[in-house]
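Here the structure is laid out as structure tokens; the discussion comes afterwards.
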Amino acid sequence: MSQAAAPLLRKLRLKFIALNMALACVVLAASFATICYMDYRSDVDEVYRTLAITVNRAGERPQLVPEHGPLLPAPDGIGETGDTGNEATYGPDAAMQHDNPAAPSEDGAPAQEAPLAIGSAGGEDAAETGDEQFAPPQIGGPHGMGDNALPVAAYYYESGTIAQIVDQSSAAVPDSLLAGALSLAAADPQTHGYLADAGLFFAKREAGHGLIVAFADGGAASSWQGLAWGLAGVGVAALGVLFLLNLQLSTWALGPVQRAWSQQQQFIADASHELKTPLTVILANNAILRQRGGETVASQGQWIESTQMEAERMQALVTDMLDLARPATTASAEQPTPALDFSRLVEGEALTFEAVAFERSLTWEAAVAEGVSVRGNASRLQRLVAVLLDNACKYTDEGGTAEVTLRTEGAEAVLSVRNSGEPIAKEDLPHLFDRFYRADKARTQAGVQAAAPEGYGLGLAIAADIAQAHKGALTVSSTAEEGTVFTLRLPLA
């Protein structure tokens with residue numbers, strides 16, 4: 001690869017990697033966001049389901065919902081009327097509990113501890129537990145909390161009076177939040193929702209003259225945050241692995257570009273070299289003619305003939321280069337061409353080169369099946385067949401054999417051109433159809449090379465491009481026993 005191509009390919013490689021990494025980031029971000037959202041929605045749905053179960057159970061047990069007093073009204077400022085106080089009192093025997101909230105029992109055991117406080121204010125200002133005749137919910141074992149594993153605080157709310165339903169509660173809302181949260185929940189037209197200011201989920205239902213409201217902490221639906229951090233770590237690791245893979249894949253993906261660039265540079269260099277020789281000869285001949293301007297034209301004939309010959313060589317080279325460019329640009333135009341008699345075309349070319357073979361004392365054998373038709377451009381296919389027959393005559397040693405065979409195999413027309421002589425080296429076979437490639441030393445003897453006209457190494461490249469443009473294939477094999485065989489396969493018309 002040339003130094004000029006290196007920066008361009010490096011930029012292409014960087015763009016390839018950047019594009020793949022950006023696409024991977026978008027896909028991972030979208031996937032992880034979807035996963036986190038689904039996890040969040042699952043948690044929220046579970047919270048609402050638990051709250052709904054709590055309020056439904058409480059509403060189905062009338063003894064938990066006082067139908068009449070004595071209920072102790074909320075302390076001054078708590079409820080619907082204004083600011084919150086320092087504590088809330090709950091249950092039918094609220095007066096006694098309010099006066100002695102943590103009195104020990106008769107047997108000396110400490111009073112029931114307050115449930116876990118939930119909500120934005122934490123547990124610093126938690127409410128009292130409620131009526132002493134209610135036992136705290138049990139957890140674990142065969143009588144575990146089941147659907148109530150989520151900390152829930154359930155309350156009965158009626159005309160500013162609050163009573164905690166202890167049997168359905170595993171937590172408590174702080175006094176500083178309770179009255180306001182109940183007022184907001186009661187005013188909300190929905191049966192469930194989220195109170196952003198209090199940081200509480202709620203669900204409610206009517207019971208008697210009041211409401212049963214259940215609360216759950218807003219953090220109950222925050223497990224997605226830990227999942228997001230975990231997925232972020234996985235994403236970073238995945239991007240690192242993908243980056244390493246892209247370094248390898250970019251080299252592989254840009255391989256054809258690099259080869260095409262190298263072939264283009266080599267083609268330009270070879271074409272320049274081939275054109276330089278005839279141009280140098282023409283310029284030298286013109287310089288001699290100018291120096292001998294006083295001589296007659298007849299005396300300068302050798303220089304004029306040399307100039308003519310080199311000009312014809314240049315013309316042939318330019319024609320070959322145009323032929324190499326034509327299949328790629330006219331393949332689509334050649335596809336709808338009508339069927340042509342390929343047998344007649346091959347017979348005509350075989351007859352033309354039979355005279356060439358006779359002059360070189362070669363044994364010429366032709367076996368052409370009749371009625372073989374293909375679709376394509378007649379002049380282009382004629383050029384292809386001529387290249388193969390000329391190649392066979394050129395590289396067959398004197399007294400050798402050249403064979404031309406046309407047959408059908410299935411849905412294909414198969415043209416085989418075989419010539420005896422020195423086989424082609426295995427290392428040269430893959431490059432025979434490369435432009436400007438010549439393997440004369442491996443294919444000819446000294447006498448044959450001297451007799452063979454010099455070529456440019458474009459003939460087989462042209463033939464392969466024509467075959468590909470006609471949806472066919474041109475292959476070669478070479479052994480000491482069979483000689484060299486070029487096989488052309490084209491679809492039948």
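For the structure tokens, the naming scheme is as follows: chains receive sequential letters (A, B, ...) according to their order of presentation, residues are indexed from 1 within each chain, and ligands are indexed from 1 in presentation order.
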Using backbone DSSP assignments, extract all helix (DSSP H, G or I) residues from segment 250-383 of chain A; output them as a tab-separated table (two decimals) with N, CA and C atoms, in the first residue's frame.
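states-v3.tsv written:
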```tsv
chain	number	residue	atom	x	y	z
A	250	SER	N	-12.69	-3.86	11.25
A	250	SER	CA	-12.41	-2.76	10.33
A	250	SER	C	-11.31	-3.13	9.36
A	251	THR	N	-10.30	-3.85	9.86
A	251	THR	CA	-9.23	-4.30	8.97
A	251	THR	C	-9.77	-5.25	7.92
A	252	TRP	N	-10.65	-6.17	8.36
A	252	TRP	CA	-11.24	-7.13	7.43
A	252	TRP	C	-12.20	-6.44	6.45
A	253	ALA	N	-13.02	-5.53	6.95
A	253	ALA	CA	-14.02	-4.88	6.10
A	253	ALA	C	-13.37	-3.97	5.07
A	255	GLY	N	-10.46	-4.44	3.82
A	255	GLY	CA	-9.52	-5.20	3.00
A	255	GLY	C	-9.78	-5.04	1.51
A	256	PRO	N	-11.06	-5.20	1.05
A	256	PRO	CA	-11.33	-5.00	-0.38
A	256	PRO	C	-10.99	-3.59	-0.86
A	257	VAL	N	-11.24	-2.59	-0.02
A	257	VAL	CA	-10.91	-1.22	-0.41
A	257	VAL	C	-9.40	-1.07	-0.57
A	258	GLN	N	-8.67	-1.64	0.39
A	258	GLN	CA	-7.22	-1.56	0.31
A	258	GLN	C	-6.68	-2.28	-0.93
A	259	ARG	N	-7.25	-3.47	-1.21
A	259	ARG	CA	-6.80	-4.20	-2.39
A	259	ARG	C	-7.15	-3.44	-3.67
A	260	ALA	N	-8.37	-2.85	-3.73
A	260	ALA	CA	-8.76	-2.09	-4.91
A	260	ALA	C	-7.85	-0.89	-5.11
A	261	TRP	N	-7.52	-0.24	-4.01
A	261	TRP	CA	-6.62	0.92	-4.10
A	261	TRP	C	-5.25	0.48	-4.60
A	262	SER	N	-4.75	-0.61	-4.06
A	262	SER	CA	-3.44	-1.11	-4.48
A	262	SER	C	-3.46	-1.51	-5.94
A	263	GLN	N	-4.54	-2.19	-6.37
A	263	GLN	CA	-4.65	-2.58	-7.77
A	263	GLN	C	-4.73	-1.38	-8.69
A	264	GLN	N	-5.45	-0.35	-8.24
A	264	GLN	CA	-5.54	0.85	-9.06
A	264	GLN	C	-4.17	1.51	-9.20
A	265	GLN	N	-3.47	1.61	-8.08
A	265	GLN	CA	-2.14	2.21	-8.15
A	265	GLN	C	-1.20	1.38	-9.02
A	266	GLN	N	-1.30	0.05	-8.87
A	266	GLN	CA	-0.44	-0.81	-9.68
A	266	GLN	C	-0.82	-0.71	-11.16
A	267	PHE	N	-2.11	-0.62	-11.44
A	267	PHE	CA	-2.56	-0.49	-12.83
A	267	PHE	C	-2.02	0.79	-13.45
A	268	ILE	N	-2.12	1.88	-12.71
A	268	ILE	CA	-1.62	3.16	-13.24
A	268	ILE	C	-0.12	3.09	-13.49
A	269	ALA	N	0.60	2.48	-12.52
A	269	ALA	CA	2.05	2.37	-12.69
A	269	ALA	C	2.40	1.50	-13.88
A	270	ASP	N	1.71	0.36	-14.04
A	270	ASP	CA	2.01	-0.54	-15.16
A	270	ASP	C	1.64	0.09	-16.49
A	271	ALA	N	0.46	0.75	-16.54
A	271	ALA	CA	0.05	1.40	-17.78
A	271	ALA	C	1.03	2.51	-18.16
A	272	SER	N	1.47	3.26	-17.19
A	272	SER	CA	2.45	4.33	-17.46
A	272	SER	C	3.75	3.75	-18.00
A	273	HIS	N	4.16	2.62	-17.40
A	273	HIS	CA	5.39	1.98	-17.86
A	273	HIS	C	5.26	1.47	-19.29
A	274	GLU	N	4.10	0.85	-19.61
A	274	GLU	CA	3.90	0.32	-20.95
A	274	GLU	C	3.80	1.44	-21.98
A	275	LEU	N	3.21	2.57	-21.60
A	275	LEU	CA	3.10	3.69	-22.53
A	275	LEU	C	4.42	4.45	-22.68
A	276	LYS	N	5.24	4.38	-21.67
A	276	LYS	CA	6.50	5.14	-21.69
A	276	LYS	C	7.44	4.62	-22.77
A	277	THR	N	7.48	3.29	-22.94
A	277	THR	CA	8.41	2.71	-23.92
A	277	THR	C	8.10	3.14	-25.35
A	278	PRO	N	6.87	2.97	-25.85
A	278	PRO	CA	6.62	3.44	-27.23
A	278	PRO	C	6.76	4.94	-27.39
A	279	LEU	N	6.39	5.70	-26.37
A	279	LEU	CA	6.55	7.15	-26.47
A	279	LEU	C	8.02	7.53	-26.57
A	280	THR	N	8.86	6.85	-25.81
A	280	THR	CA	10.29	7.13	-25.87
A	280	THR	C	10.85	6.83	-27.26
A	281	VAL	N	10.42	5.70	-27.85
A	281	VAL	CA	10.88	5.33	-29.19
A	281	VAL	C	10.40	6.35	-30.22
A	282	ILE	N	9.13	6.76	-30.12
A	282	ILE	CA	8.59	7.73	-31.08
A	282	ILE	C	9.34	9.05	-30.98
A	283	LEU	N	9.60	9.52	-29.78
A	283	LEU	CA	10.32	10.78	-29.61
A	283	LEU	C	11.74	10.67	-30.15
A	284	ALA	N	12.38	9.52	-29.93
A	284	ALA	CA	13.75	9.34	-30.44
A	284	ALA	C	13.75	9.32	-31.97
A	285	ASN	N	12.76	8.64	-32.58
A	285	ASN	CA	12.68	8.61	-34.03
A	285	ASN	C	12.46	10.00	-34.60
A	286	ASN	N	11.60	10.77	-33.97
A	286	ASN	CA	11.36	12.13	-34.45
A	286	ASN	C	12.60	13.00	-34.33
A	287	ALA	N	13.37	12.79	-33.25
A	287	ALA	CA	14.61	13.56	-33.10
A	287	ALA	C	15.60	13.23	-34.23
A	288	ILE	N	15.68	11.95	-34.60
A	288	ILE	CA	16.59	11.54	-35.70
A	288	ILE	C	16.12	12.14	-37.02
A	289	LEU	N	14.82	12.10	-37.26
A	289	LEU	CA	14.30	12.66	-38.51
A	289	LEU	C	14.57	14.16	-38.59
A	290	ARG	N	14.48	14.85	-37.46
A	290	ARG	CA	14.76	16.28	-37.49
A	290	ARG	C	16.23	16.56	-37.77
A	291	GLN	N	17.10	15.72	-37.23
A	291	GLN	CA	18.53	15.90	-37.48
A	291	GLN	C	18.90	15.62	-38.94
A	298	ALA	N	12.55	8.34	-48.38
A	298	ALA	CA	12.85	6.93	-48.57
A	298	ALA	C	14.03	6.49	-47.71
A	299	SER	N	15.02	7.37	-47.57
A	299	SER	CA	16.19	7.01	-46.76
A	299	SER	C	15.89	6.99	-45.27
A	300	GLN	N	14.76	7.61	-44.86
A	300	GLN	CA	14.37	7.64	-43.46
A	300	GLN	C	13.28	6.61	-43.14
A	301	GLY	N	13.11	5.65	-44.03
A	301	GLY	CA	12.01	4.71	-43.89
A	301	GLY	C	12.04	3.91	-42.60
A	302	GLN	N	13.21	3.50	-42.15
A	302	GLN	CA	13.26	2.68	-40.93
A	302	GLN	C	12.76	3.42	-39.71
A	303	TRP	N	13.04	4.73	-39.64
A	303	TRP	CA	12.56	5.51	-38.49
A	303	TRP	C	11.05	5.74	-38.56
A	304	ILE	N	10.59	5.94	-39.79
A	304	ILE	CA	9.15	6.13	-39.96
A	304	ILE	C	8.39	4.84	-39.63
A	305	GLU	N	8.89	3.70	-40.08
A	305	GLU	CA	8.24	2.42	-39.79
A	305	GLU	C	8.27	2.11	-38.29
A	306	SER	N	9.38	2.43	-37.64
A	306	SER	CA	9.47	2.21	-36.20
A	306	SER	C	8.44	3.06	-35.45
A	307	THR	N	8.30	4.32	-35.90
A	307	THR	CA	7.30	5.20	-35.27
A	307	THR	C	5.90	4.65	-35.49
A	308	GLN	N	5.61	4.17	-36.72
A	308	GLN	CA	4.31	3.62	-37.02
A	308	GLN	C	4.01	2.39	-36.13
A	309	MET	N	4.99	1.51	-35.98
A	309	MET	CA	4.80	0.30	-35.18
A	309	MET	C	4.54	0.63	-33.72
A	310	GLU	N	5.30	1.57	-33.15
A	310	GLU	CA	5.10	1.94	-31.75
A	310	GLU	C	3.77	2.64	-31.54
A	311	ALA	N	3.33	3.42	-32.53
A	311	ALA	CA	2.03	4.08	-32.43
A	311	ALA	C	0.91	3.04	-32.45
A	312	GLU	N	1.05	2.00	-33.27
A	312	GLU	CA	0.06	0.94	-33.30
A	312	GLU	C	0.03	0.16	-31.98
A	313	ARG	N	1.20	-0.02	-31.37
A	313	ARG	CA	1.25	-0.68	-30.06
A	313	ARG	C	0.52	0.15	-29.01
A	314	MET	N	0.75	1.46	-29.06
A	314	MET	CA	0.04	2.33	-28.12
A	314	MET	C	-1.47	2.28	-28.34
A	315	GLN	N	-1.87	2.24	-29.61
A	315	GLN	CA	-3.29	2.17	-29.91
A	315	GLN	C	-3.89	0.88	-29.37
A	316	ALA	N	-3.18	-0.23	-29.53
A	316	ALA	CA	-3.67	-1.52	-29.03
A	316	ALA	C	-3.77	-1.50	-27.50
A	317	LEU	N	-2.79	-0.89	-26.85
A	317	LEU	CA	-2.82	-0.83	-25.39
A	317	LEU	C	-3.99	0.01	-24.90
A	318	VAL	N	-4.21	1.15	-25.53
A	318	VAL	CA	-5.33	2.01	-25.12
A	318	VAL	C	-6.65	1.29	-25.36
A	319	THR	N	-6.77	0.57	-26.48
A	319	THR	CA	-7.99	-0.19	-26.76
A	319	THR	C	-8.23	-1.25	-25.69
A	320	ASP	N	-7.16	-1.94	-25.29
A	320	ASP	CA	-7.30	-2.95	-24.24
A	320	ASP	C	-7.73	-2.32	-22.92
A	321	MET	N	-7.18	-1.18	-22.59
A	321	MET	CA	-7.55	-0.51	-21.34
A	321	MET	C	-9.01	-0.08	-21.37
A	322	LEU	N	-9.49	0.37	-22.52
A	322	LEU	CA	-10.91	0.72	-22.64
A	322	LEU	C	-11.79	-0.51	-22.52
A	323	ASP	N	-11.32	-1.63	-23.08
A	323	ASP	CA	-12.08	-2.88	-22.95
A	323	ASP	C	-12.19	-3.31	-21.50
A	324	LEU	N	-11.14	-3.07	-20.72
A	324	LEU	CA	-11.20	-3.43	-19.30
A	324	LEU	C	-12.23	-2.60	-18.56
A	325	ALA	N	-12.40	-1.36	-18.97
A	325	ALA	CA	-13.36	-0.49	-18.28
A	325	ALA	C	-14.78	-0.71	-18.76
A	326	ARG	N	-14.96	-1.23	-19.98
A	326	ARG	CA	-16.29	-1.34	-20.57
A	326	ARG	C	-17.21	-2.33	-19.89
A	327	PRO	N	-16.82	-3.55	-19.51
A	327	PRO	CA	-17.78	-4.49	-18.92
A	327	PRO	C	-18.47	-3.97	-17.68
A	328	ALA	N	-17.72	-3.26	-16.82
A	328	ALA	CA	-18.31	-2.78	-15.57
A	328	ALA	C	-19.37	-1.72	-15.80
A	329	THR	N	-19.23	-0.96	-16.92
A	329	THR	CA	-20.16	0.14	-17.16
A	329	THR	C	-21.27	-0.22	-18.12
A	330	THR	N	-21.10	-1.30	-18.92
A	330	THR	CA	-22.11	-1.63	-19.92
A	330	THR	C	-22.76	-2.97	-19.67
A	331	ALA	N	-22.47	-3.59	-18.50
A	331	ALA	CA	-23.07	-4.90	-18.23
A	331	ALA	C	-24.59	-4.83	-18.23
A	332	SER	N	-25.11	-3.78	-17.61
A	332	SER	CA	-26.56	-3.66	-17.54
A	332	SER	C	-27.17	-3.45	-18.92
A	333	ALA	N	-26.43	-2.76	-19.81
A	333	ALA	CA	-26.95	-2.54	-21.15
A	333	ALA	C	-26.86	-3.80	-21.98
A	334	GLU	N	-25.93	-4.71	-21.66
A	334	GLU	CA	-25.76	-5.91	-22.44
A	334	GLU	C	-26.69	-7.05	-22.00
A	342	PHE	N	-23.60	-19.18	-30.55
A	342	PHE	CA	-22.24	-19.23	-30.01
A	342	PHE	C	-21.40	-20.28	-30.77
A	343	SER	N	-22.04	-21.33	-31.25
A	343	SER	CA	-21.31	-22.35	-32.02
A	343	SER	C	-20.70	-21.73	-33.27
A	344	ARG	N	-21.47	-20.93	-33.98
A	344	ARG	CA	-20.96	-20.30	-35.21
A	344	ARG	C	-19.83	-19.32	-34.89
A	345	LEU	N	-19.98	-18.60	-33.79
A	345	LEU	CA	-18.94	-17.64	-33.41
A	345	LEU	C	-17.62	-18.36	-33.11
A	346	VAL	N	-17.69	-19.44	-32.35
A	346	VAL	CA	-16.47	-20.18	-32.00
A	346	VAL	C	-15.85	-20.83	-33.24
A	347	GLU	N	-16.68	-21.36	-34.14
A	347	GLU	CA	-16.17	-21.96	-35.36
A	347	GLU	C	-15.43	-20.94	-36.22
A	348	GLY	N	-15.96	-19.73	-36.30
A	348	GLY	CA	-15.31	-18.69	-37.09
A	348	GLY	C	-13.94	-18.32	-36.54
A	349	GLU	N	-13.86	-18.16	-35.21
A	349	GLU	CA	-12.58	-17.82	-34.60
A	349	GLU	C	-11.60	-18.99	-34.70
A	350	ALA	N	-12.09	-20.22	-34.55
A	350	ALA	CA	-11.22	-21.38	-34.66
A	350	ALA	C	-10.63	-21.49	-36.06
A	351	LEU	N	-11.42	-21.17	-37.08
A	351	LEU	CA	-10.93	-21.21	-38.44
A	351	LEU	C	-9.87	-20.14	-38.67
A	352	THR	N	-10.05	-18.98	-38.09
A	352	THR	CA	-9.07	-17.91	-38.24
A	352	THR	C	-7.72	-18.30	-37.64
A	353	PHE	N	-7.75	-18.88	-36.43
A	353	PHE	CA	-6.49	-19.21	-35.77
A	353	PHE	C	-5.90	-20.54	-36.24
A	354	GLU	N	-6.64	-21.28	-37.04
A	354	GLU	CA	-6.08	-22.51	-37.60
A	354	GLU	C	-4.90	-22.21	-38.51
A	355	ALA	N	-4.98	-21.09	-39.24
A	355	ALA	CA	-3.87	-20.70	-40.10
A	355	ALA	C	-2.65	-20.32	-39.28
A	356	VAL	N	-2.87	-19.65	-38.17
A	356	VAL	CA	-1.75	-19.29	-37.28
A	356	VAL	C	-1.10	-20.55	-36.73
A	357	ALA	N	-1.90	-21.53	-36.34
A	357	ALA	CA	-1.36	-22.78	-35.81
A	357	ALA	C	-0.58	-23.53	-36.89
A	358	PHE	N	-1.06	-23.49	-38.12
A	358	PHE	CA	-0.37	-24.18	-39.21
A	358	PHE	C	1.01	-23.55	-39.44
A	359	GLU	N	1.10	-22.24	-39.40
A	359	GLU	CA	2.38	-21.56	-39.60
A	359	GLU	C	3.39	-21.94	-38.52
A	378	ALA	N	-22.15	-9.84	-29.22
A	378	ALA	CA	-21.38	-10.70	-30.12
A	378	ALA	C	-19.94	-10.25	-30.24
A	379	SER	N	-19.70	-8.95	-30.36
A	379	SER	CA	-18.32	-8.47	-30.53
A	379	SER	C	-17.50	-8.69	-29.25
A	380	ARG	N	-18.13	-8.55	-28.10
A	380	ARG	CA	-17.41	-8.75	-26.85
A	380	ARG	C	-17.07	-10.24	-26.67
A	381	LEU	N	-18.02	-11.11	-26.96
A	381	LEU	CA	-17.75	-12.55	-26.84
A	381	LEU	C	-16.73	-13.00	-27.88
A	382	GLN	N	-16.75	-12.39	-29.05
A	382	GLN	CA	-15.75	-12.72	-30.06
A	382	GLN	C	-14.35	-12.34	-29.58
A	383	ARG	N	-14.27	-11.20	-28.90
A	383	ARG	CA	-12.98	-10.78	-28.34
A	383	ARG	C	-12.51	-11.78	-27.28
```
- prompt: Residues at most 7 Å from Thr487 of chain A, counting only C-alpha atoms, excluding those fewer than 4 positions away in the same chain, as JSON, numbers by chain?
  reply: {"A": [414, 415, 416, 417, 474, 475, 476]}
Residues of the last selection are to be written out with N, CA, C and O atoms, as a PDB file, in the first residue's frame.
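Written file, selection33.pdb:
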```pdb
ATOM      1  N   VAL A 414     -20.169 -24.654 -22.387  1.00  0.00           N
ATOM      2  CA  VAL A 414     -18.824 -24.801 -21.855  1.00  0.00           C
ATOM      3  C   VAL A 414     -17.836 -24.800 -23.014  1.00  0.00           C
ATOM      4  O   VAL A 414     -17.879 -25.681 -23.885  1.00  0.00           O
ATOM      5  N   LEU A 415     -16.947 -23.800 -23.026  1.00  0.00           N
ATOM      6  CA  LEU A 415     -15.885 -23.700 -24.019  1.00  0.00           C
ATOM      7  C   LEU A 415     -14.555 -23.991 -23.326  1.00  0.00           C
ATOM      8  O   LEU A 415     -14.200 -23.315 -22.360  1.00  0.00           O
ATOM      9  N   SER A 416     -13.831 -25.002 -23.832  1.00  0.00           N
ATOM     10  CA  SER A 416     -12.533 -25.378 -23.270  1.00  0.00           C
ATOM     11  C   SER A 416     -11.461 -25.182 -24.324  1.00  0.00           C
ATOM     12  O   SER A 416     -11.611 -25.630 -25.472  1.00  0.00           O
ATOM     13  N   VAL A 417     -10.383 -24.516 -23.961  1.00  0.00           N
ATOM     14  CA  VAL A 417      -9.230 -24.288 -24.843  1.00  0.00           C
ATOM     15  C   VAL A 417      -8.004 -24.841 -24.132  1.00  0.00           C
ATOM     16  O   VAL A 417      -7.606 -24.329 -23.086  1.00  0.00           O
ATOM     17  N   LEU A 474     -14.700 -17.686 -15.964  1.00  0.00           N
ATOM     18  CA  LEU A 474     -13.534 -18.159 -16.694  1.00  0.00           C
ATOM     19  C   LEU A 474     -12.526 -18.683 -15.682  1.00  0.00           C
ATOM     20  O   LEU A 474     -12.138 -17.964 -14.764  1.00  0.00           O
ATOM     21  N   THR A 475     -12.149 -19.953 -15.828  1.00  0.00           N
ATOM     22  CA  THR A 475     -11.209 -20.586 -14.900  1.00  0.00           C
ATOM     23  C   THR A 475     -10.053 -21.185 -15.684  1.00  0.00           C
ATOM     24  O   THR A 475     -10.117 -21.343 -16.913  1.00  0.00           O
ATOM     25  N   VAL A 476      -8.990 -21.556 -14.956  1.00  0.00           N
ATOM     26  CA  VAL A 476      -7.795 -22.114 -15.585  1.00  0.00           C
ATOM     27  C   VAL A 476      -7.244 -23.227 -14.705  1.00  0.00           C
ATOM     28  O   VAL A 476      -7.332 -23.161 -13.464  1.00  0.00           O
TER      29      VAL A 476
END
```
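Straight-line separation from atom CA of Val385 of chain A to atom CA of His470 of chain A: 13.3 Å.
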